$ cat data_38.pdb   # PDB, C-alpha atoms, pLDDT in the B column
ATOM      1  CA  MET U 542      32.523  53.325  13.221  1.00 38.00           C
ATOM      2  CA  ILE U 543      30.486  50.235  12.424  1.00 42.00           C
ATOM      3  CA  ALA U 544      32.315  46.955  11.920  1.00 46.00           C
ATOM      4  CA  GLY U 545      31.065  44.924   8.963  1.00 45.00           C
ATOM      5  CA  ILE U 546      30.601  41.136   8.974  1.00 44.00           C
ATOM      6  CA  ARG U 547      32.166  39.330   6.028  1.00 50.00           C
ATOM      7  CA  LEU U 548      29.805  36.570   4.860  1.00 52.00           C
ATOM      8  CA  VAL U 549      31.260  33.393   3.352  1.00 57.00           C
ATOM      9  CA  ASN U 550      29.403  31.454   0.658  1.00 59.00           C
ATOM     10  CA  LEU U 551      29.431  27.859   1.892  1.00 62.00           C
ATOM     11  CA  ARG U 552      29.247  26.597  -1.674  1.00 67.00           C
ATOM     12  CA  THR U 553      32.740  27.980  -2.258  1.00 67.00           C
ATOM     13  CA  LEU U 554      34.140  26.707   1.045  1.00 73.00           C
ATOM     14  CA  ASN U 555      36.299  23.602   1.011  1.00 79.00           C
ATOM     15  CA  LEU U 556      35.107  21.820   4.148  1.00 80.00           C
ATOM     16  CA  ASN U 557      38.300  19.757   4.211  1.00 86.00           C
ATOM     17  CA  LEU U 558      40.081  22.937   5.237  1.00 89.00           C
ATOM     18  CA  LEU U 559      38.098  22.971   8.467  1.00 90.00           C
ATOM     19  CA  VAL U 560      39.250  19.415   9.236  1.00 91.00           C
ATOM     20  CA  VAL U 561      42.839  20.558   8.731  1.00 91.00           C
ATOM     21  CA  LEU U 562      42.181  23.617  10.891  1.00 91.00           C
ATOM     22  CA  ARG U 563      40.918  21.559  13.810  1.00 92.00           C
ATOM     23  CA  GLN U 564      43.990  19.325  13.689  1.00 91.00           C
ATOM     24  CA  LEU U 565      46.320  22.321  13.497  1.00 92.00           C
ATOM     25  CA  LEU U 566      44.655  24.050  16.429  1.00 91.00           C
ATOM     26  CA  GLU U 567      44.729  20.885  18.518  1.00 90.00           C
ATOM     27  CA  ASP U 568      48.358  19.955  17.727  1.00 90.00           C
ATOM     28  CA  ARG U 569      49.746  23.490  17.344  1.00 90.00           C
ATOM     29  CA  HIS U 570      52.386  21.935  15.125  1.00 90.00           C
ATOM     30  CA  VAL U 571      52.329  21.703  11.315  1.00 91.00           C
ATOM     31  CA  SER U 572      54.364  18.513  10.991  1.00 90.00           C
ATOM     32  CA  ARG U 573      52.422  16.622  13.689  1.00 90.00           C
ATOM     33  CA  ALA U 574      49.115  17.750  12.155  1.00 90.00           C
ATOM     34  CA  ALA U 575      50.290  16.554   8.746  1.00 90.00           C
ATOM     35  CA  GLU U 576      51.175  13.163  10.205  1.00 89.00           C
ATOM     36  CA  GLN U 577      47.772  12.822  11.913  1.00 88.00           C
ATOM     37  CA  LEU U 578      45.955  13.794   8.723  1.00 88.00           C
ATOM     38  CA  GLY U 579      48.041  11.609   6.416  1.00 89.00           C
ATOM     39  CA  MET U 580      49.105  14.664   4.442  1.00 89.00           C
ATOM     40  CA  SER U 581      52.466  16.104   3.499  1.00 90.00           C
ATOM     41  CA  GLN U 582      53.885  18.943   5.552  1.00 90.00           C
ATOM     42  CA  PRO U 583      53.912  21.354   2.564  1.00 91.00           C
ATOM     43  CA  ALA U 584      50.229  20.573   1.848  1.00 91.00           C
ATOM     44  CA  VAL U 585      49.279  21.407   5.445  1.00 91.00           C
ATOM     45  CA  SER U 586      51.351  24.585   5.290  1.00 92.00           C
ATOM     46  CA  ARG U 587      49.491  25.654   2.138  1.00 92.00           C
ATOM     47  CA  ALA U 588      46.166  24.838   3.828  1.00 92.00           C
ATOM     48  CA  LEU U 589      47.169  27.013   6.787  1.00 92.00           C
ATOM     49  CA  GLN U 590      47.870  29.940   4.458  1.00 93.00           C
ATOM     50  CA  ARG U 591      44.426  29.538   2.875  1.00 91.00           C
ATOM     51  CA  LEU U 592      42.811  29.337   6.316  1.00 91.00           C
ATOM     52  CA  ARG U 593      44.551  32.511   7.449  1.00 92.00           C
ATOM     53  CA  ALA U 594      43.164  34.265   4.388  1.00 89.00           C
ATOM     54  CA  LEU U 595      39.700  32.792   4.949  1.00 88.00           C
ATOM     55  CA  PHE U 596      39.505  33.910   8.590  1.00 89.00           C
ATOM     56  CA  ASP U 597      41.602  37.028   8.086  1.00 90.00           C
ATOM     57  CA  ASP U 598      43.580  36.001  11.158  1.00 91.00           C
ATOM     58  CA  PRO U 599      46.986  34.373  11.788  1.00 92.00           C
ATOM     59  CA  LEU U 600      45.302  31.550  13.778  1.00 91.00           C
ATOM     60  CA  LEU U 601      48.695  30.137  14.865  1.00 90.00           C
ATOM     61  CA  VAL U 602      51.251  32.616  16.198  1.00 91.00           C
ATOM     62  CA  ARG U 603      54.942  31.780  16.553  1.00 89.00           C
ATOM     63  CA  THR U 604      56.306  32.412  20.060  1.00 88.00           C
ATOM     64  CA  ALA U 605      59.378  31.411  22.040  1.00 85.00           C
ATOM     65  CA  ARG U 606      57.433  28.317  23.163  1.00 85.00           C
ATOM     66  CA  GLY U 607      56.421  27.398  19.623  1.00 85.00           C
ATOM     67  CA  LEU U 608      53.116  27.973  17.846  1.00 88.00           C
ATOM     68  CA  GLU U 609      50.287  29.335  20.013  1.00 91.00           C
ATOM     69  CA  LEU U 610      46.644  29.979  19.209  1.00 91.00           C
ATOM     70  CA  SER U 611      45.583  33.485  18.371  1.00 91.00           C
ATOM     71  CA  ALA U 612      42.659  34.909  20.326  1.00 92.00           C
ATOM     72  CA  ARG U 613      40.394  34.229  17.345  1.00 91.00           C
ATOM     73  CA  ALA U 614      41.582  30.624  17.068  1.00 90.00           C
ATOM     74  CA  ASP U 615      41.198  30.052  20.814  1.00 90.00           C
ATOM     75  CA  ALA U 616      37.553  31.174  20.623  1.00 90.00           C
ATOM     76  CA  LEU U 617      37.005  29.261  17.401  1.00 89.00           C
ATOM     77  CA  LEU U 618      38.239  25.805  18.473  1.00 90.00           C
ATOM     78  CA  PRO U 619      35.288  24.716  20.686  1.00 89.00           C
ATOM     79  CA  ASP U 620      32.681  25.721  18.089  1.00 90.00           C
ATOM     80  CA  LEU U 621      34.720  24.174  15.268  1.00 89.00           C
ATOM     81  CA  THR U 622      35.074  20.879  17.149  1.00 89.00           C
ATOM     82  CA  GLN U 623      31.333  20.759  17.896  1.00 89.00           C
ATOM     83  CA  TRP U 624      30.425  21.642  14.312  1.00 88.00           C
ATOM     84  CA  LEU U 625      32.628  18.931  12.828  1.00 88.00           C
ATOM     85  CA  GLU U 626      31.315  16.317  15.283  1.00 86.00           C
ATOM     86  CA  ASP U 627      27.744  17.259  14.333  1.00 85.00           C
ATOM     87  CA  ALA U 628      28.644  17.018  10.640  1.00 84.00           C
ATOM     88  CA  GLU U 629      30.173  13.569  11.164  1.00 83.00           C
ATOM     89  CA  ARG U 630      27.015  12.362  12.933  1.00 80.00           C
ATOM     90  CA  LEU U 631      24.888  13.830  10.136  1.00 81.00           C
ATOM     91  CA  VAL U 632      26.538  11.746   7.419  1.00 80.00           C
ATOM     92  CA  SER U 633      27.348   8.639   9.475  1.00 75.00           C
ATOM     93  CA  ARG U 634      25.269   5.516   8.910  1.00 72.00           C
ATOM     94  CA  PRO U 635      22.808   5.131  11.796  1.00 73.00           C
ATOM     95  CA  THR U 636      23.482   2.177  14.029  1.00 80.00           C
ATOM     96  CA  PHE U 637      20.784  -0.305  14.963  1.00 84.00           C
ATOM     97  CA  ASP U 638      21.017  -2.446  18.079  1.00 90.00           C
ATOM     98  CA  PRO U 639      18.105  -4.913  18.164  1.00 93.00           C
ATOM     99  CA  ALA U 640      18.711  -5.717  21.822  1.00 93.00           C
ATOM    100  CA  THR U 641      17.814  -2.147  22.854  1.00 93.00           C
ATOM    101  CA  ALA U 642      15.495  -1.152  19.981  1.00 92.00           C
ATOM    102  CA  THR U 643      11.909  -0.173  20.829  1.00 92.00           C
ATOM    103  CA  GLN U 644      10.510   0.626  17.376  1.00 92.00           C
ATOM    104  CA  THR U 645       7.264  -0.757  15.966  1.00 94.00           C
ATOM    105  CA  VAL U 646       7.465  -2.701  12.695  1.00 93.00           C
ATOM    106  CA  ARG U 647       4.209  -2.379  10.749  1.00 93.00           C
ATOM    107  CA  PHE U 648       3.039  -5.050   8.308  1.00 93.00           C
ATOM    108  CA  TYR U 649       0.015  -5.219   6.084  1.00 90.00           C
ATOM    109  CA  GLY U 650      -1.037  -8.492   4.524  1.00 87.00           C
ATOM    110  CA  PRO U 651      -3.967 -10.864   4.059  1.00 82.00           C
ATOM    111  CA  GLU U 652      -4.549 -14.215   5.587  1.00 79.00           C
ATOM    112  CA  PRO U 653      -3.261 -16.843   5.090  1.00 78.00           C
ATOM    113  CA  GLU U 654       0.032 -15.171   4.134  1.00 84.00           C
ATOM    114  CA  ILE U 655       0.247 -13.461   7.538  1.00 88.00           C
ATOM    115  CA  GLY U 656      -0.140 -16.819   9.281  1.00 88.00           C
ATOM    116  CA  TRP U 657       2.509 -18.421   7.106  1.00 88.00           C
ATOM    117  CA  PHE U 658       5.307 -15.894   7.272  1.00 92.00           C
ATOM    118  CA  LEU U 659       5.021 -13.661  10.330  1.00 94.00           C
ATOM    119  CA  PRO U 660       4.961 -16.085  13.320  1.00 95.00           C
ATOM    120  CA  PRO U 661       8.594 -17.110  12.612  1.00 94.00           C
ATOM    121  CA  LEU U 662       9.474 -13.408  12.373  1.00 94.00           C
ATOM    122  CA  LEU U 663       7.888 -12.674  15.750  1.00 95.00           C
ATOM    123  CA  GLU U 664       9.715 -15.649  17.258  1.00 96.00           C
ATOM    124  CA  ARG U 665      13.015 -14.182  16.087  1.00 95.00           C
ATOM    125  CA  MET U 666      12.095 -10.685  17.246  1.00 95.00           C
ATOM    126  CA  ARG U 667      11.196 -11.908  20.734  1.00 96.00           C
ATOM    127  CA  ARG U 668      14.598 -13.542  20.971  1.00 96.00           C
ATOM    128  CA  LEU U 669      16.787 -10.814  19.442  1.00 96.00           C
ATOM    129  CA  ALA U 670      14.734  -7.632  19.850  1.00 95.00           C
ATOM    130  CA  PRO U 671      12.464  -8.087  22.886  1.00 95.00           C
ATOM    131  CA  GLY U 672      11.612  -4.387  23.075  1.00 95.00           C
ATOM    132  CA  MET U 673      10.268  -4.137  19.528  1.00 95.00           C
ATOM    133  CA  VAL U 674       6.603  -4.458  18.542  1.00 95.00           C
ATOM    134  CA  LEU U 675       5.162  -6.253  15.510  1.00 95.00           C
ATOM    135  CA  ALA U 676       1.933  -4.552  14.358  1.00 94.00           C
ATOM    136  CA  VAL U 677      -0.063  -6.471  11.745  1.00 93.00           C
ATOM    137  CA  ASN U 678      -3.144  -5.278   9.865  1.00 89.00           C
ATOM    138  CA  SER U 679      -5.104  -7.823   7.814  1.00 83.00           C
ATOM    139  CA  GLU U 680      -8.162  -5.662   7.123  1.00 79.00           C
ATOM    140  CA  PRO U 681      -9.087  -6.069   3.437  1.00 68.00           C
ATOM    141  CA  ARG U 682      -7.930  -3.016   1.483  1.00 70.00           C
ATOM    142  CA  GLU U 683      -5.645  -1.978  -1.330  1.00 71.00           C
ATOM    143  CA  HIS U 684      -2.210  -3.467  -0.855  1.00 72.00           C
ATOM    144  CA  PHE U 685       0.433  -0.960  -1.866  1.00 81.00           C
ATOM    145  CA  GLY U 686      -1.044   2.479  -1.163  1.00 79.00           C
ATOM    146  CA  GLN U 687      -0.228   2.183   2.542  1.00 81.00           C
ATOM    147  CA  LEU U 688       3.370   1.357   1.686  1.00 82.00           C
ATOM    148  CA  GLU U 689       3.685   4.290  -0.707  1.00 80.00           C
ATOM    149  CA  ARG U 690       2.197   6.637   1.910  1.00 78.00           C
ATOM    150  CA  GLY U 691       4.570   5.378   4.614  1.00 80.00           C
ATOM    151  CA  GLU U 692       1.782   3.978   6.807  1.00 84.00           C
ATOM    152  CA  VAL U 693       3.398   0.511   6.914  1.00 88.00           C
ATOM    153  CA  HIS U 694       6.954  -0.715   6.500  1.00 91.00           C
ATOM    154  CA  PHE U 695       6.230  -3.990   4.700  1.00 93.00           C
ATOM    155  CA  VAL U 696       3.437  -5.563   2.669  1.00 91.00           C
ATOM    156  CA  LEU U 697       2.866  -9.274   2.209  1.00 89.00           C
ATOM    157  CA  SER U 698       0.920  -9.717  -0.999  1.00 84.00           C
ATOM    158  CA  PRO U 699       0.320 -12.226  -3.797  1.00 78.00           C
ATOM    159  CA  PHE U 700      -0.182  -9.267  -6.146  1.00 76.00           C
ATOM    160  CA  GLN U 701       2.231  -6.994  -7.941  1.00 76.00           C
ATOM    161  CA  PRO U 702       2.038  -3.193  -7.727  1.00 76.00           C
ATOM    162  CA  SER U 703       0.701  -1.493 -10.835  1.00 70.00           C
ATOM    163  CA  ALA U 704       2.678   1.718 -10.277  1.00 65.00           C
ATOM    164  CA  GLY U 705       5.726   2.980  -8.425  1.00 59.00           C
ATOM    165  CA  THR U 706       7.641  -0.259  -8.950  1.00 60.00           C
ATOM    166  CA  ASP U 707      10.937   1.650  -9.219  1.00 67.00           C
ATOM    167  CA  GLN U 708      10.388   2.945  -5.671  1.00 73.00           C
ATOM    168  CA  LEU U 709       9.654  -0.447  -4.077  1.00 79.00           C
ATOM    169  CA  HIS U 710      12.000  -3.267  -3.164  1.00 83.00           C
ATOM    170  CA  ARG U 711      10.423  -6.678  -3.661  1.00 85.00           C
ATOM    171  CA  LEU U 712      11.509 -10.063  -2.358  1.00 87.00           C
ATOM    172  CA  ARG U 713       9.888 -13.326  -3.389  1.00 88.00           C
ATOM    173  CA  LEU U 714       9.205 -15.423  -0.307  1.00 89.00           C
ATOM    174  CA  ALA U 715       7.485 -18.445  -1.844  1.00 87.00           C
ATOM    175  CA  PRO U 716       5.864 -19.542  -5.102  1.00 85.00           C
ATOM    176  CA  LEU U 717       2.160 -18.835  -5.482  1.00 77.00           C
ATOM    177  CA  THR U 718       0.118 -21.998  -6.061  1.00 79.00           C
ATOM    178  CA  PHE U 719      -3.589 -22.491  -6.664  1.00 81.00           C
ATOM    179  CA  ALA U 720      -6.022 -25.176  -5.563  1.00 85.00           C
ATOM    180  CA  LEU U 721      -9.505 -25.871  -6.895  1.00 89.00           C
ATOM    181  CA  VAL U 722     -12.014 -26.360  -4.057  1.00 92.00           C
ATOM    182  CA  MET U 723     -15.540 -27.668  -4.607  1.00 94.00           C
ATOM    183  CA  SER U 724     -18.215 -29.838  -3.044  1.00 94.00           C
ATOM    184  CA  ALA U 725     -17.870 -33.567  -3.611  1.00 92.00           C
ATOM    185  CA  ASP U 726     -21.161 -33.545  -5.565  1.00 91.00           C
ATOM    186  CA  ASN U 727     -20.333 -30.438  -7.658  1.00 93.00           C
ATOM    187  CA  PRO U 728     -20.954 -31.187 -11.369  1.00 90.00           C
ATOM    188  CA  LEU U 729     -17.323 -30.268 -12.099  1.00 91.00           C
ATOM    189  CA  ALA U 730     -16.173 -33.116  -9.838  1.00 90.00           C
ATOM    190  CA  LYS U 731     -17.506 -35.655 -12.385  1.00 90.00           C
ATOM    191  CA  GLY U 732     -15.955 -36.227 -15.769  1.00 90.00           C
ATOM    192  CA  THR U 733     -13.017 -34.510 -17.394  1.00 91.00           C
ATOM    193  CA  LEU U 734     -12.286 -31.042 -16.097  1.00 90.00           C
ATOM    194  CA  SER U 735     -11.667 -28.765 -19.078  1.00 91.00           C
ATOM    195  CA  VAL U 736     -10.990 -25.050 -19.134  1.00 88.00           C
ATOM    196  CA  GLU U 737     -14.282 -24.556 -20.981  1.00 89.00           C
ATOM    197  CA  ARG U 738     -16.325 -26.380 -18.320  1.00 91.00           C
ATOM    198  CA  PHE U 739     -14.437 -24.534 -15.608  1.00 90.00           C
ATOM    199  CA  ALA U 740     -15.131 -21.112 -17.147  1.00 89.00           C
ATOM    200  CA  ALA U 741     -18.840 -21.938 -17.491  1.00 89.00           C
ATOM    201  CA  ALA U 742     -19.272 -22.996 -13.852  1.00 92.00           C
ATOM    202  CA  SER U 743     -20.360 -20.895 -10.860  1.00 93.00           C
ATOM    203  CA  HIS U 744     -17.510 -19.411  -8.869  1.00 92.00           C
ATOM    204  CA  GLY U 745     -16.790 -17.677  -5.617  1.00 92.00           C
ATOM    205  CA  LEU U 746     -14.455 -14.685  -5.681  1.00 89.00           C
ATOM    206  CA  VAL U 747     -12.138 -13.782  -2.821  1.00 86.00           C
ATOM    207  CA  SER U 748     -11.453 -10.052  -3.207  1.00 81.00           C
ATOM    208  CA  LEU U 749      -9.110  -8.590  -0.614  1.00 71.00           C
ATOM    209  CA  THR U 750      -9.562  -5.067  -1.948  1.00 68.00           C
ATOM    210  CA  GLY U 751     -13.248  -5.226  -2.916  1.00 67.00           C
ATOM    211  CA  ARG U 752     -12.409  -3.713  -6.297  1.00 70.00           C
ATOM    212  CA  GLY U 753     -11.556  -4.934  -9.767  1.00 68.00           C
ATOM    213  CA  VAL U 754     -11.661  -8.406 -11.260  1.00 77.00           C
ATOM    214  CA  GLY U 755     -10.011 -11.483  -9.825  1.00 80.00           C
ATOM    215  CA  MET U 756      -6.721 -12.983 -10.937  1.00 80.00           C
ATOM    216  CA  LEU U 757      -8.575 -15.980 -12.370  1.00 84.00           C
ATOM    217  CA  GLU U 758     -10.692 -13.817 -14.679  1.00 87.00           C
ATOM    218  CA  GLN U 759      -7.601 -11.957 -15.824  1.00 86.00           C
ATOM    219  CA  GLU U 760      -5.877 -15.225 -16.705  1.00 87.00           C
ATOM    220  CA  LEU U 761      -8.920 -16.662 -18.534  1.00 88.00           C
ATOM    221  CA  THR U 762      -9.265 -13.442 -20.515  1.00 89.00           C
ATOM    222  CA  ALA U 763      -5.564 -13.556 -21.411  1.00 89.00           C
ATOM    223  CA  GLN U 764      -6.037 -17.168 -22.636  1.00 87.00           C
ATOM    224  CA  GLY U 765      -9.063 -16.208 -24.726  1.00 88.00           C
ATOM    225  CA  GLN U 766     -11.485 -18.262 -22.645  1.00 87.00           C
ATOM    226  CA  LEU U 767     -13.382 -15.078 -21.738  1.00 87.00           C
ATOM    227  CA  ALA U 768     -14.101 -12.247 -24.128  1.00 86.00           C
ATOM    228  CA  PRO U 769     -12.895  -8.781 -23.087  1.00 86.00           C
ATOM    229  CA  GLY U 770     -15.400  -7.446 -20.574  1.00 83.00           C
ATOM    230  CA  GLU U 771     -17.003 -10.872 -20.062  1.00 87.00           C
ATOM    231  CA  ARG U 772     -17.258 -11.954 -16.441  1.00 88.00           C
ATOM    232  CA  LEU U 773     -17.412 -15.297 -14.688  1.00 89.00           C
ATOM    233  CA  ASN U 774     -20.638 -16.250 -12.964  1.00 91.00           C
ATOM    234  CA  GLN U 775     -19.730 -15.300  -9.377  1.00 91.00           C
ATOM    235  CA  PRO U 776     -22.701 -15.500  -6.997  1.00 92.00           C
ATOM    236  CA  LEU U 777     -20.373 -15.385  -3.973  1.00 92.00           C
ATOM    237  CA  ARG U 778     -17.840 -12.739  -2.990  1.00 89.00           C
ATOM    238  CA  LEU U 779     -15.654 -13.043   0.102  1.00 88.00           C
ATOM    239  CA  SER U 780     -12.995 -10.837   1.649  1.00 81.00           C
ATOM    240  CA  SER U 781     -10.910 -13.645   3.184  1.00 79.00           C
ATOM    241  CA  PHE U 782      -9.998 -17.259   2.546  1.00 81.00           C
ATOM    242  CA  THR U 783     -11.000 -18.722   5.893  1.00 83.00           C
ATOM    243  CA  SER U 784     -14.613 -19.681   5.073  1.00 89.00           C
ATOM    244  CA  ILE U 785     -14.136 -20.934   1.505  1.00 91.00           C
ATOM    245  CA  ALA U 786     -14.541 -24.618   2.342  1.00 92.00           C
ATOM    246  CA  ALA U 787     -17.783 -24.075   4.305  1.00 93.00           C
ATOM    247  CA  PHE U 788     -19.412 -22.193   1.411  1.00 95.00           C
ATOM    248  CA  CYS U 789     -18.257 -24.728  -1.181  1.00 93.00           C
ATOM    249  CA  GLU U 790     -19.609 -27.621   0.871  1.00 93.00           C
ATOM    250  CA  ARG U 791     -23.107 -26.112   0.939  1.00 92.00           C
ATOM    251  CA  SER U 792     -23.382 -24.810  -2.650  1.00 92.00           C
ATOM    252  CA  ASP U 793     -22.271 -25.272  -6.225  1.00 91.00           C
TER
END

$ encode --input "data_38.pdb" --output "structure tokens"
Amino acid sequence: MIAGIRLVNLRTLNLNLLVVLRQLLEDRHVSRAAEQLGMSQPAVSRALQRLRALFDDPLLVRTARGLELSARADALLPDLTQWLEDAERLVSRPTFDPATATQTVRFYGPEPEIGWFLPPLLERMRRLAPGMVLAVNSEPREHFGQLERGEVHFVLSPFQPSAGTDQLHRLRLAPLTFALVMSADNPLAKGTLSVERFAAASHGLVSLTGRGVGMLEQELTAQGQLAPGERLNQPLRLSSFTSIAAFCERSD
């Protein structure tokens, strides 16, 4: 004779019944289990009947000393307790203790934004989370691909993503302002500075990604100062802001 194993479809199983079962097996008393669960005694009694049908076993057996565990229930209780504890950990919100954390927080961002915003962050981390590491990459490259691929946790950027905006959380840290830098003897420094004169001048472009047109060209095109496809005269291209003043001082 071969004993068959009855398989249960978990999709049809009310997992709340297992919570009731653990309490019943621990208390061995329907009324006390109902009180611990915040349920009525008849509701727990009905749950016990369903559990007996589910396991095809009495589970709790009435004796002269009260209710006792059946052999099946006695073997079931340790596994049931472990399973429910694992399930609770699975759905519980993870806890984060900065004092003991050792994770690495990865940022990508260009200078000078990195220099503006991250030193205060590191100061706070050293005080509250001394075991954590702040890893910063300022190498010029595209801004948001690393974030989408999970290579960094945060991006500091003056730009806005062109795609995937519904998947990204954005926080404005400070307003973006512009300054016009030129040599003291640049022709634009004399007379009235108009948009037309500005658009006709020679410019340097800081491109952090090395691709596409600059924000200034986009704005001038939007204002009609540049025809679609027309480019500014840009004899200088840089990948960072640090040397702008030195180049402007020695050229137009």

$ residues_around --input "data_38.pdb" --residues "Leu562 in chain U" --least-positions-apart "5" --cutoff "12 Å" --atoms "all atoms listed in the file" --output "PyMOL selection string"
chain U and resi 555-557+567-571+574-575+578+585-593+595-596+599-601+610+614-615+617-618+621-622+625

$ write_last_selection --input "data_38.pdb" --atoms "C-alpha atoms" --output "compact mmCIF listing (two decimals), in the coordinates of the input"
# COMPACT_ATOMS: atom_id res chain seq x y z
CA ASN U 555 36.30 23.60 1.01
CA LEU U 556 35.11 21.82 4.15
CA ASN U 557 38.30 19.76 4.21
CA GLU U 567 44.73 20.88 18.52
CA ASP U 568 48.36 19.95 17.73
CA ARG U 569 49.75 23.49 17.34
CA HIS U 570 52.39 21.94 15.12
CA VAL U 571 52.33 21.70 11.32
CA ALA U 574 49.12 17.75 12.16
CA ALA U 575 50.29 16.55 8.75
CA LEU U 578 45.96 13.79 8.72
CA VAL U 585 49.28 21.41 5.44
CA SER U 586 51.35 24.58 5.29
CA ARG U 587 49.49 25.65 2.14
CA ALA U 588 46.17 24.84 3.83
CA LEU U 589 47.17 27.01 6.79
CA GLN U 590 47.87 29.94 4.46
CA ARG U 591 44.43 29.54 2.88
CA LEU U 592 42.81 29.34 6.32
CA ARG U 593 44.55 32.51 7.45
CA LEU U 595 39.70 32.79 4.95
CA PHE U 596 39.51 33.91 8.59
CA PRO U 599 46.99 34.37 11.79
CA LEU U 600 45.30 31.55 13.78
CA LEU U 601 48.70 30.14 14.86
CA LEU U 610 46.64 29.98 19.21
CA ALA U 614 41.58 30.62 17.07
CA ASP U 615 41.20 30.05 20.81
CA LEU U 617 37.01 29.26 17.40
CA LEU U 618 38.24 25.80 18.47
CA LEU U 621 34.72 24.17 15.27
CA THR U 622 35.07 20.88 17.15
CA LEU U 625 32.63 18.93 12.83

$ closest_residue --input "data_38.pdb" --among "U:Leu729, U:Leu554, U:Ala676, U:Ala720" --to "Ala741 in chain U" --atoms "all atoms listed in the file"
U:Leu729

$ resolve_selection --input "data_38.pdb" --expression "the PyMOL selection byres ((chain U and resi 693-705) around 10)" --output "JSON, numbers by chain"
{"U": [645, 646, 647, 648, 649, 650, 651, 652, 654, 655, 658, 659, 676, 677, 678, 679, 684, 685, 686, 687, 688, 689, 690, 691, 692, 706, 707, 708, 709, 710, 711, 712, 713, 714, 715, 716, 717, 756]}

$ closest_residue --input "data_38.pdb" --among "U:Lys731, U:His744, U:Arg665, U:Asp597" --to "Ser611 in chain U" --atoms "only C-alpha atoms"
U:Asp597

$ residues_around --input "data_38.pdb" --residues "Met723 in chain U" --least-positions-apart "2" --cutoff "7 Å" --atoms "all atoms listed in the file" --output "list in words"
Leu721, Ala725, Asn727, Cys789 and Glu790 of chain U

$ write_last_selection --input "data_38.pdb" --atoms "C-alpha atoms" --output "compact mmCIF listing (two decimals), in the frame of the given file"
# COMPACT_ATOMS: atom_id res chain seq x y z
CA LEU U 721 -9.51 -25.87 -6.90
CA ALA U 725 -17.87 -33.57 -3.61
CA ASN U 727 -20.33 -30.44 -7.66
CA CYS U 789 -18.26 -24.73 -1.18
CA GLU U 790 -19.61 -27.62 0.87

$ resolve_selection --input "data_38.pdb" --expression "the PyMOL selection byres ((chain U and resi 745-749) around 8)" --output "list in words"
Pro651, Pro681, Arg682, Glu683, Ser743, His744, Thr750, Gly751, Arg752, Gly755, Gln775, Pro776, Leu777, Arg778, Leu779, Ser780, Ser781 and Phe782 of chain U

$ closest_residue --input "data_38.pdb" --among "U:Ser784, U:Gln759, U:Gln766, U:Ser633" --to "Ser735 in chain U" --atoms "all atoms listed in the file"
U:Gln766

$ atom_distance --input "data_38.pdb" --atom1 "CA of Thr783 in chain U" --atom2 "CA of Pro653 in chain U"
8.0 Å

$ resolve_selection --input "data_38.pdb" --expression "the PyMOL selection byres ((chain U and resi 642) around 7)" --output "MDAnalysis selection string"
chainID U and resid 638:641 643:644 670 672:673

$ residues_around --input "data_38.pdb" --residues "Glu737 in chain U" --least-positions-apart "5" --cutoff "10 Å" --atoms "only C-alpha atoms" --output "mmCIF file with C-alpha atoms, in the coordinates of the input"
data_model
loop_
_atom_site.group_PDB
_atom_site.id
_atom_site.type_symbol
_atom_site.label_atom_id
_atom_site.label_comp_id
_atom_site.auth_asym_id
_atom_site.auth_seq_id
_atom_site.Cartn_x
_atom_site.Cartn_y
_atom_site.Cartn_z
ATOM 1 C CA ALA U 742 -19.272 -22.996 -13.852
ATOM 2 C CA LEU U 761 -8.920 -16.662 -18.534
ATOM 3 C CA GLN U 766 -11.485 -18.262 -22.645
ATOM 4 C CA LEU U 767 -13.382 -15.078 -21.738
#

$ closest_residue --input "data_38.pdb" --among "U:Leu773, U:Arg668, U:Val754, U:Asp620" --to "Arg738 in chain U" --atoms "all atoms listed in the file"
U:Leu773

$ atom_distance --input "data_38.pdb" --atom1 "CA of Asp598 in chain U" --atom2 "CA of Ala612 in chain U"
9.3 Å

$ atom_distance --input "data_38.pdb" --atom1 "CA of Gly765 in chain U" --atom2 "CA of Asp726 in chain U"
28.5 Å
